[in-house]
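To be precise, the following lines are coords04.tsv, and they hold TSV, C-alpha atoms and all ligand atoms.
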```tsv
chain	number	residue	atom	x	y	z
A	1	MET	CA	0.00	0.00	0.00
A	2	ALA	CA	1.34	3.46	-0.90
A	3	ALA	CA	2.32	5.73	2.03
A	4	PRO	CA	-0.36	8.36	2.79
A	5	LEU	CA	0.29	11.79	1.35
A	6	ARG	CA	1.78	14.04	4.02
A	7	LEU	CA	0.58	17.40	2.65
A	8	ARG	CA	-2.75	16.60	1.07
A	9	ALA	CA	-4.55	19.78	-0.16
A	10	THR	CA	-2.10	22.06	1.68
A	11	LEU	CA	-1.30	25.33	-0.10
A	12	ALA	CA	2.48	25.87	-0.23
A	13	LEU	CA	4.39	28.92	-1.43
A	14	VAL	CA	7.96	28.40	-2.65
A	15	THR	CA	10.05	31.45	-3.58
A	16	GLY	CA	12.96	30.77	-5.89
A	17	GLY	CA	10.84	27.92	-7.20
A	18	GLY	CA	12.00	28.47	-10.77
A	19	SER	CA	15.35	26.72	-10.43
A	20	GLY	CA	17.62	24.39	-8.50
A	21	ILE	CA	16.71	23.59	-4.90
A	22	GLY	CA	13.44	25.58	-5.04
A	23	ARG	CA	12.25	23.60	-8.06
A	24	ALA	CA	13.09	20.30	-6.34
A	25	ILE	CA	11.15	21.45	-3.27
A	26	CYS	CA	8.09	22.30	-5.41
A	27	THR	CA	8.22	18.82	-6.90
A	28	ARG	CA	8.49	17.02	-3.55
A	29	LEU	CA	5.71	19.16	-2.00
A	30	ALA	CA	3.42	18.40	-4.96
A	31	GLU	CA	4.27	14.69	-4.75
A	32	GLU	CA	3.02	14.83	-1.15
A	33	GLY	CA	-0.31	16.27	-2.26
A	34	ALA	CA	0.38	20.00	-1.76
A	35	LEU	CA	-0.94	22.65	-4.10
A	36	VAL	CA	2.07	24.80	-4.98
A	37	ALA	CA	2.36	28.53	-5.68
A	38	VAL	CA	5.71	28.70	-7.47
A	39	ALA	CA	7.14	32.22	-7.18
A	40	ASP	CA	10.30	33.50	-8.82
A	41	GLN	CA	11.78	36.60	-10.39
A	42	ASN	CA	12.35	34.36	-13.39
A	43	GLU	CA	8.72	33.84	-14.42
A	44	ALA	CA	9.64	31.52	-17.28
A	45	GLY	CA	11.55	29.31	-14.83
A	46	ALA	CA	8.56	29.27	-12.46
A	47	ALA	CA	6.22	28.34	-15.32
A	48	GLU	CA	8.59	25.53	-16.35
A	49	THR	CA	8.55	24.21	-12.78
A	50	VAL	CA	4.74	24.21	-12.76
A	51	ARG	CA	4.64	22.28	-16.05
A	52	GLY	CA	6.76	19.54	-14.45
A	53	LEU	CA	4.66	19.16	-11.27
A	54	PRO	CA	2.36	16.20	-10.66
A	55	ARG	CA	-1.32	17.23	-10.58
A	56	GLY	CA	-3.06	17.25	-7.21
A	57	GLU	CA	-5.85	14.80	-6.39
A	58	SER	CA	-8.33	17.65	-6.13
A	59	GLY	CA	-7.68	18.53	-9.77
A	60	ARG	CA	-6.80	22.07	-8.68
A	61	GLU	CA	-3.82	23.52	-10.46
A	62	HIS	CA	-0.44	24.70	-9.26
A	63	GLU	CA	0.40	28.20	-10.41
A	64	ALA	CA	3.46	30.26	-11.29
A	65	PHE	CA	3.88	33.82	-10.02
A	66	GLY	CA	6.48	36.50	-10.75
A	67	VAL	CA	7.96	38.21	-7.69
A	68	ASP	CA	10.97	40.21	-6.60
A	69	VAL	CA	11.33	39.16	-2.96
A	70	SER	CA	13.52	42.17	-2.19
A	71	SER	CA	10.58	44.54	-2.83
A	72	ALA	CA	7.85	44.92	-0.20
A	73	GLN	CA	5.45	46.06	-2.91
A	74	SER	CA	6.13	43.03	-5.06
A	75	VAL	CA	5.75	40.64	-2.10
A	76	GLY	CA	2.48	42.38	-1.13
A	77	GLU	CA	1.16	41.95	-4.67
A	78	LEU	CA	2.18	38.29	-4.65
A	79	MET	CA	0.24	37.62	-1.46
A	80	ALA	CA	-2.83	39.40	-2.86
A	81	ARG	CA	-2.65	37.34	-6.08
A	82	ILE	CA	-2.29	34.10	-4.13
A	83	GLN	CA	-5.29	35.02	-1.96
A	84	ALA	CA	-7.35	35.88	-5.06
A	85	ARG	CA	-6.37	32.65	-6.81
A	86	PHE	CA	-6.61	30.15	-3.92
A	87	SER	CA	-8.86	31.99	-1.38
A	88	THR	CA	-6.49	31.05	1.45
A	89	PRO	CA	-3.02	32.06	2.65
A	90	PRO	CA	-0.23	29.52	2.16
A	91	ARG	CA	0.06	27.19	5.15
A	92	VAL	CA	3.57	26.15	4.12
A	93	CYS	CA	6.15	28.66	2.92
A	94	VAL	CA	9.67	27.88	1.75
A	95	SER	CA	11.85	30.95	1.12
A	96	CYS	CA	14.41	29.71	-1.34
A	97	ALA	CA	15.07	32.76	-3.54
A	98	GLY	CA	18.70	33.69	-3.20
A	99	ILE	CA	21.72	35.05	-5.03
A	100	THR	CA	25.49	35.14	-4.72
A	101	MET	CA	27.78	38.00	-5.79
A	102	ASP	CA	31.03	36.50	-4.59
A	103	GLU	CA	34.08	38.63	-3.93
A	104	PHE	CA	36.82	38.77	-1.34
A	105	LEU	CA	36.24	41.16	1.56
A	106	LEU	CA	39.03	43.48	0.39
A	107	LYS	CA	37.37	43.89	-3.01
A	108	GLN	CA	33.63	43.67	-2.20
A	109	THR	CA	31.70	46.74	-3.35
A	110	GLU	CA	29.02	48.36	-1.22
A	111	ALA	CA	26.47	47.92	-4.03
A	112	ALA	CA	27.09	44.18	-4.31
A	113	PHE	CA	26.98	43.73	-0.54
A	114	ASP	CA	23.67	45.61	-0.36
A	115	LYS	CA	22.15	43.63	-3.25
A	116	VAL	CA	22.92	40.24	-1.69
A	117	LEU	CA	21.53	41.35	1.69
A	118	GLN	CA	18.41	42.77	0.00
A	119	VAL	CA	17.52	39.54	-1.77
A	120	ASN	CA	18.69	36.90	0.70
A	121	LEU	CA	17.96	38.55	4.05
A	122	LYS	CA	15.43	41.32	3.47
A	123	GLY	CA	13.60	39.11	0.95
A	124	THR	CA	13.29	36.34	3.52
A	125	PHE	CA	12.09	38.87	6.11
A	126	LEU	CA	9.42	40.28	3.78
A	127	VAL	CA	8.10	36.86	2.76
A	128	THR	CA	8.17	35.46	6.32
A	129	GLN	CA	6.32	38.53	7.61
A	130	ALA	CA	3.73	38.53	4.82
A	131	VAL	CA	2.97	34.81	5.18
A	132	ALA	CA	2.84	35.02	8.99
A	133	ARG	CA	0.46	37.99	8.81
A	134	GLY	CA	-1.81	36.08	6.41
A	135	LEU	CA	-1.87	33.05	8.69
A	136	VAL	CA	-2.53	35.06	11.85
A	137	GLU	CA	-5.29	37.07	10.15
A	138	SER	CA	-6.90	33.87	8.85
A	139	GLY	CA	-7.58	32.92	12.47
A	140	ALA	CA	-6.80	29.23	11.83
A	141	PRO	CA	-3.81	28.11	13.90
A	142	GLY	CA	-0.85	26.37	12.32
A	143	GLY	CA	1.58	26.76	9.49
A	144	SER	CA	5.18	25.90	8.69
A	145	ILE	CA	7.70	28.47	7.51
A	146	ILE	CA	10.99	27.12	6.20
A	147	ASN	CA	13.84	29.44	5.28
A	148	MET	CA	16.91	28.55	3.28
A	149	GLY	CA	20.09	29.47	5.08
A	150	SER	CA	23.47	27.95	4.32
A	151	ILE	CA	26.20	26.18	6.24
A	152	VAL	CA	28.36	29.09	5.03
A	153	GLY	CA	26.37	31.42	7.31
A	154	LYS	CA	27.66	29.41	10.26
A	155	VAL	CA	31.27	28.83	9.31
A	156	GLY	CA	32.07	31.55	6.71
A	157	ASN	CA	33.65	30.92	3.33
A	158	LEU	CA	36.42	32.51	1.31
A	159	GLY	CA	35.00	35.04	-1.17
A	160	GLN	CA	31.48	34.96	0.27
A	161	VAL	CA	31.45	37.80	2.78
A	162	SER	CA	28.05	39.16	1.70
A	163	TYR	CA	26.47	35.74	1.18
A	164	ALA	CA	27.70	34.35	4.51
A	165	ALA	CA	26.48	37.48	6.33
A	166	SER	CA	23.07	37.25	4.66
A	167	LYS	CA	22.65	33.58	5.53
A	168	ALA	CA	23.71	34.10	9.15
A	169	GLY	CA	21.00	36.76	9.23
A	170	VAL	CA	18.43	34.33	7.85
A	171	GLU	CA	19.22	31.95	10.70
A	172	GLY	CA	18.76	34.65	13.38
A	173	LEU	CA	15.60	35.93	11.72
A	174	THR	CA	14.08	32.44	11.60
A	175	LYS	CA	14.87	31.63	15.24
A	176	THR	CA	13.30	34.92	16.31
A	177	ALA	CA	10.22	34.32	14.16
A	178	ALA	CA	9.91	30.85	15.72
A	179	LYS	CA	9.77	32.38	19.21
A	180	GLU	CA	7.28	35.09	18.25
A	181	LEU	CA	4.96	32.92	16.14
A	182	ALA	CA	4.83	29.80	18.33
A	183	ARG	CA	1.76	31.14	20.15
A	184	PHE	CA	-0.10	31.12	16.83
A	185	GLY	CA	0.93	27.53	16.20
A	186	ILE	CA	3.24	28.61	13.38
A	187	ARG	CA	6.56	26.76	13.25
A	188	CYS	CA	9.67	28.31	11.68
A	189	ASN	CA	12.81	26.39	10.83
A	190	VAL	CA	15.93	27.05	8.79
A	191	VAL	CA	17.67	24.56	6.52
A	192	LEU	CA	21.44	24.89	6.09
A	193	PRO	CA	22.54	23.14	2.90
A	194	GLY	CA	26.21	22.49	2.25
A	195	PHE	CA	27.28	22.34	-1.38
A	196	ILE	CA	24.40	21.22	-3.59
A	197	ALA	CA	24.74	20.80	-7.36
A	198	THR	CA	22.52	23.54	-8.89
A	199	PRO	CA	22.86	26.46	-11.33
A	200	MET	CA	24.14	28.48	-8.33
A	201	THR	CA	27.10	26.16	-7.70
A	202	ASP	CA	27.63	25.81	-11.48
A	203	LYS	CA	28.90	29.39	-11.26
A	204	MET	CA	31.76	28.31	-8.98
A	205	PRO	CA	35.10	27.35	-10.54
A	206	PRO	CA	35.15	23.54	-11.13
A	207	LYS	CA	38.43	23.32	-9.19
A	208	VAL	CA	36.82	24.89	-6.09
A	209	LEU	CA	33.79	22.60	-6.36
A	210	GLN	CA	36.03	19.55	-6.66
A	211	LYS	CA	37.93	20.67	-3.58
A	212	PHE	CA	34.68	21.00	-1.60
A	213	ALA	CA	33.40	17.63	-2.82
A	214	GLY	CA	36.64	16.09	-1.57
A	215	MET	CA	36.10	17.65	1.87
A	216	VAL	CA	32.58	16.22	2.30
A	217	PRO	CA	32.65	13.14	4.57
A	218	LEU	CA	29.92	11.53	2.42
A	219	GLY	CA	32.25	12.13	-0.53
A	220	ARG	CA	30.09	14.11	-2.97
A	221	LEU	CA	28.05	17.26	-3.53
A	222	GLY	CA	24.41	17.09	-2.50
A	223	ASP	CA	21.42	16.70	-4.79
A	224	PRO	CA	18.58	19.30	-4.62
A	225	LYS	CA	16.15	16.47	-3.86
A	226	GLU	CA	18.08	15.73	-0.66
A	227	VAL	CA	17.32	19.26	0.57
A	228	ALA	CA	13.73	18.98	-0.65
A	229	ASP	CA	13.14	15.79	1.36
A	230	VAL	CA	14.09	17.65	4.56
A	231	CYS	CA	11.74	20.52	3.65
A	232	VAL	CA	8.85	18.09	3.18
A	233	PHE	CA	9.53	16.71	6.65
A	234	LEU	CA	9.63	20.23	8.14
A	235	ALA	CA	6.43	21.15	6.29
A	236	SER	CA	4.58	18.07	7.50
A	237	GLU	CA	3.02	17.08	10.82
A	238	GLU	CA	5.90	14.65	11.34
A	239	SER	CA	7.94	17.63	12.57
A	240	ARG	CA	5.14	19.08	14.73
A	241	TYR	CA	7.39	19.49	17.81
A	242	ILE	CA	10.27	21.11	15.88
A	243	THR	CA	10.54	24.89	15.70
A	244	GLY	CA	13.50	27.29	15.72
A	245	ALA	CA	15.77	24.49	14.52
A	246	SER	CA	18.67	24.76	12.09
A	247	VAL	CA	18.88	21.57	10.07
A	248	GLU	CA	22.19	20.96	8.32
A	249	VAL	CA	22.05	19.09	5.01
A	250	THR	CA	25.75	18.97	4.21
A	251	GLY	CA	26.89	15.37	3.89
A	252	GLY	CA	28.83	16.03	7.10
A	253	LEU	CA	30.81	19.04	5.80
A	254	PHE	CA	32.22	21.34	8.52
A	255	LEU	CA	31.12	19.12	11.40
B	301	LIG	P1	19.45	28.88	-8.10
B	301	LIG	O1	20.25	30.04	-8.60
B	301	LIG	O2	19.35	27.66	-8.93
B	301	LIG	O3	17.98	29.35	-7.69
B	301	LIG	C1	17.71	30.56	-7.06
B	301	LIG	C2	16.39	31.10	-7.59
B	301	LIG	O4	16.10	32.32	-6.89
B	301	LIG	C3	16.43	31.42	-9.09
B	301	LIG	O5	15.34	30.81	-9.75
B	301	LIG	C4	16.30	32.94	-9.12
B	301	LIG	O6	15.60	33.44	-10.26
B	301	LIG	C5	15.54	33.22	-7.84
B	301	LIG	N1	15.72	34.60	-7.39
B	301	LIG	C6	16.88	35.30	-7.31
B	301	LIG	N2	16.63	36.54	-6.90
B	301	LIG	C7	15.29	36.65	-6.71
B	301	LIG	C8	14.43	37.69	-6.27
B	301	LIG	N3	14.90	38.91	-5.97
B	301	LIG	N4	13.11	37.43	-6.17
B	301	LIG	C9	12.61	36.21	-6.50
B	301	LIG	N5	13.37	35.20	-6.93
B	301	LIG	C10	14.70	35.41	-7.03
B	301	LIG	O7	20.12	28.53	-6.69
B	301	LIG	P2	19.95	27.28	-5.70
B	301	LIG	O8	21.29	26.67	-5.58
B	301	LIG	O9	18.79	26.46	-6.06
B	301	LIG	O10	19.67	28.05	-4.34
B	301	LIG	C11	18.41	28.09	-3.71
B	301	LIG	C12	18.59	28.57	-2.28
B	301	LIG	O11	19.43	27.64	-1.58
B	301	LIG	C13	19.27	29.93	-2.18
B	301	LIG	O12	18.71	30.66	-1.11
B	301	LIG	C14	20.70	29.56	-1.87
B	301	LIG	O13	21.38	30.59	-1.20
B	301	LIG	C15	20.50	28.34	-0.98
B	301	LIG	N6	21.68	27.48	-0.90
B	301	LIG	C16	22.18	26.88	-1.99
B	301	LIG	C17	23.30	26.06	-1.86
B	301	LIG	C18	23.91	25.34	-3.02
B	301	LIG	O14	24.98	24.73	-2.84
B	301	LIG	N7	23.32	25.35	-4.21
B	301	LIG	C19	23.89	25.89	-0.60
B	301	LIG	C20	23.34	26.53	0.50
B	301	LIG	C21	22.23	27.33	0.33
```
How does this structure look as structure tokens?
Ligand code: NAD
Amino acid sequence: MAAPLRLRATLALVTGGGSGIGRAICTRLAEEGALVAVADQNEAGAAETVRGLPRGESGREHEAFGVDVSSAQSVGELMARIQARFSTPPRVCVSCAGITMDEFLLKQTEAAFDKVLQVNLKGTFLVTQAVARGLVESGAPGGSIINMGSIVGKVGNLGQVSYAASKAGVEGLTKTAAKELARFGIRCNVVLPGFIATPMTDKMPPKVLQKFAGMVPLGRLGDPKEVADVCVFLASEESRYITGASVEVTGGLFL
């Protein structure tokens, strides 16, 4: 007998759902019965993700949305469009939109530093706040907010001063949200991937990637699906007593 679906008829929002880890998360959530709002700055990527998703039992359709998570106005419009389309706020939210603009500290420009913080940290703040407000206003308790940090936010990394700072911020933001939102039954957790093979890591020099793969105790880079499986667990009732946690998905890197 097939295992019961863990997220049957649950509306889930995934930002950064048009590529890499976000796309894999959309797929796993849909496989577990969730209805997925796939949001990305790259609307074509989001639409491609939707085309690849399994249809829900209810026959209702997943939908792609364009959003710039670093803009409060754009995030507000996204929430309004989701409400209009599905008549409910998302009960699961995975903030996966993120960028890198790697440079050594001595060479990092102010503009690049600001841009990375705006997307990765402020974007996560805006989406977390908007989703939490929607859930609280709906009056129905519950919800699971999952933010994408990085192991680099904990240990630092050469050439990633802005990225590491932004991801450390995401971890602090999520732990604070967990404390404030627990009384509404909303859980907030942060996932810290190590090095996962996606278009983001494709930008890194192959020599650097090989070096990192060699440092991973499990001996390889991660697959986006391996991060997505953890997100499904955190989205589901199986993790009902877990909030404010940082879950490392690194193959043992930097233990
Ligand atoms: P990716 O580049 O494949 O996907 C990132 C997505 O975010 C893209 O579709 C992009 O269009 C979208 N995006 C960027 N800026 C946006 C904005 N302002 N508004 C809305 N969408 C925007 O990268 P990925 O590797 O899949 O990374 C996904 C998340 O996982 C990121 O937050 C990243 O920092 C994190 N992460 C990745 C790794 C890794 O090794 N790949 C490791 C740790 C953490």
Counting all atoms listed in the file, the residue of A:Lys203, A:Arg55, A:Arg23, A:His62 that sits nearest Val36 (chain A): A:His62
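Of the residues under consideration (A:Ala3, A:Leu53, A:Ala39, A:Ile21), A:Ile21 shows the shortest atom-to-atom contact distance to Pro199 (chain A) when counting all atoms listed in the file.
Straight-line separation from atom N3 of ligand LIG 301 (chain B) to CA of Gly123 (chain A): 7.0 Å.
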Determine, using all atoms listed in the file, which residues of chain A have any atom at most 8 Å from an atom of ligand LIG 301 (chain B), and tabulate each with its shortest atom pair and distance in Å to one decimal place, rows ordered by chain and then rising number, as CSV.
```
residue,atom,partner,partner_atom,distance
A:Thr15,CA,B:LIG301,N5,6.0
A:Gly16,CA,B:LIG301,O4,3.6
A:Gly17,CA,B:LIG301,O5,5.9
A:Gly18,CA,B:LIG301,O5,4.2
A:Ser19,CA,B:LIG301,O5,4.1
A:Gly20,CA,B:LIG301,O9,3.4
A:Ile21,CA,B:LIG301,O9,3.7
A:Gly22,CA,B:LIG301,O9,5.5
A:Arg23,CA,B:LIG301,O9,7.4
A:Ala39,CA,B:LIG301,C9,6.8
A:Asp40,CA,B:LIG301,N5,4.0
A:Gln41,CA,B:LIG301,C9,4.0
A:Asn42,CA,B:LIG301,O6,4.6
A:Gly45,CA,B:LIG301,O5,6.5
A:Ala46,CA,B:LIG301,O5,7.5
A:Gly66,CA,B:LIG301,C9,7.5
A:Val67,CA,B:LIG301,C9,5.2
A:Asp68,CA,B:LIG301,N4,3.5
A:Val69,CA,B:LIG301,N4,4.1
A:Ser70,CA,B:LIG301,N3,5.2
A:Ser71,CA,B:LIG301,N3,7.8
A:Ser95,CA,B:LIG301,O12,7.2
A:Cys96,CA,B:LIG301,O12,4.4
A:Ala97,CA,B:LIG301,O4,3.5
A:Gly98,CA,B:LIG301,O12,3.7
A:Ile99,CA,B:LIG301,C6,5.4
A:Thr100,CA,B:LIG301,O13,7.1
A:Gln118,CA,B:LIG301,N3,7.9
A:Val119,CA,B:LIG301,N3,5.0
A:Asn120,CA,B:LIG301,O12,6.5
A:Gly123,CA,B:LIG301,N3,7.0
A:Met148,CA,B:LIG301,O12,5.2
A:Gly149,CA,B:LIG301,C21,5.6
A:Ser150,CA,B:LIG301,C20,4.1
A:Ile151,CA,B:LIG301,C20,6.4
A:Val152,CA,B:LIG301,C20,7.2
A:Tyr163,CA,B:LIG301,O13,7.6
A:Lys167,CA,B:LIG301,O13,7.5
A:Leu192,CA,B:LIG301,C20,6.1
A:Pro193,CA,B:LIG301,C20,4.2
A:Gly194,CA,B:LIG301,C19,5.0
A:Phe195,CA,B:LIG301,O14,3.6
A:Ile196,CA,B:LIG301,O14,3.6
A:Ala197,CA,B:LIG301,N7,5.7
A:Thr198,CA,B:LIG301,O8,4.7
A:Pro199,CA,B:LIG301,O2,4.4
A:Met200,CA,B:LIG301,O1,4.2
A:Thr201,CA,B:LIG301,N7,5.2
A:Gly222,CA,B:LIG301,O14,7.7
A:Pro224,CA,B:LIG301,O9,7.3
```
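Residue nearest Lys179 (chain A) within the list A:Gly244, A:Lys115, A:Ala165, A:Pro141: A:Gly244 [criterion: smallest interatomic distance, only C-alpha atoms].
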Distance query Arg187 (chain A) at most 9 Å, only C-alpha atoms, self and fewer than 5 positions along chain excluded, as a ChimeraX atom specification: /A:142-146,177-179,181-182,234-235,240-244
Output of the above residues as a PDB file, keeping the file's coordinate frame, restricted to C-alpha atoms:
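Dumped to again.pdb:
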```pdb
ATOM      1  CA  GLY A 142      -0.850  26.370  12.320  1.00  0.00           C
ATOM      2  CA  GLY A 143       1.580  26.760   9.490  1.00  0.00           C
ATOM      3  CA  SER A 144       5.180  25.900   8.690  1.00  0.00           C
ATOM      4  CA  ILE A 145       7.700  28.470   7.510  1.00  0.00           C
ATOM      5  CA  ILE A 146      10.990  27.120   6.200  1.00  0.00           C
ATOM      6  CA  ALA A 177      10.220  34.320  14.160  1.00  0.00           C
ATOM      7  CA  ALA A 178       9.910  30.850  15.720  1.00  0.00           C
ATOM      8  CA  LYS A 179       9.770  32.380  19.210  1.00  0.00           C
ATOM      9  CA  LEU A 181       4.960  32.920  16.140  1.00  0.00           C
ATOM     10  CA  ALA A 182       4.830  29.800  18.330  1.00  0.00           C
ATOM     11  CA  LEU A 234       9.630  20.230   8.140  1.00  0.00           C
ATOM     12  CA  ALA A 235       6.430  21.150   6.290  1.00  0.00           C
ATOM     13  CA  ARG A 240       5.140  19.080  14.730  1.00  0.00           C
ATOM     14  CA  TYR A 241       7.390  19.490  17.810  1.00  0.00           C
ATOM     15  CA  ILE A 242      10.270  21.110  15.880  1.00  0.00           C
ATOM     16  CA  THR A 243      10.540  24.890  15.700  1.00  0.00           C
ATOM     17  CA  GLY A 244      13.500  27.290  15.720  1.00  0.00           C
TER      18      GLY A 244
END
```
Pick from A:Leu5, A:Ala84, A:Met204, A:Val75 nearest to Met101 (chain A), counting only C-alpha atoms: A:Met204
8 Å contact set for Val227 (chain A), all atoms listed in the file, chain neighbours under 4 positions out, as number ranges by chain: A: 21, 25, 191, 193, 223, 231, 249
Would you save the residues from that selection as a compact mmCIF listing (two decimals), in the frame of the given file, using C-alpha atoms?
```txt
# COMPACT_ATOMS: atom_id res chain seq x y z
CA ILE A 21 16.71 23.59 -4.90
CA ILE A 25 11.15 21.45 -3.27
CA VAL A 191 17.67 24.56 6.52
CA PRO A 193 22.54 23.14 2.90
CA ASP A 223 21.42 16.70 -4.79
CA CYS A 231 11.74 20.52 3.65
CA VAL A 249 22.05 19.09 5.01
```
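Relative to CA of Gln108 (chain A), CA of Gly252 (chain A) is found at 29.6 Å.
Of the listed residues A:Leu7, A:Val14, A:Val230, A:Ala72, the one whose atoms come nearest to Gly33 (chain A) is A:Leu7, with distances taken using all atoms listed in the file.
You will find CA of Glu61 (chain A) at 7.0 Å from CA of Leu35 (chain A).
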9 Å contact set for Leu13 (chain A), all atoms listed in the file, chain neighbours under 5 positions out, as a list in words: Cys26, Leu35, Val36, Ala37, Val38, Ala39, Ile82, Pro90, Arg91, Val92, Cys93, Val94, Ser95 and Val131 of chain A
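Residues within 8 Å of Ser166 (chain A), counting all atoms listed in the file and excluding same-chain residues fewer than 6 positions away, are Val116, Leu117, Asn120, Leu121 and Gly153 of chain A.
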Of the listed residues A:Val247, A:Ala64, A:Leu135, A:Ala111, that which approaches Ser162 (chain A) most closely, counting only C-alpha atoms: A:Ala111
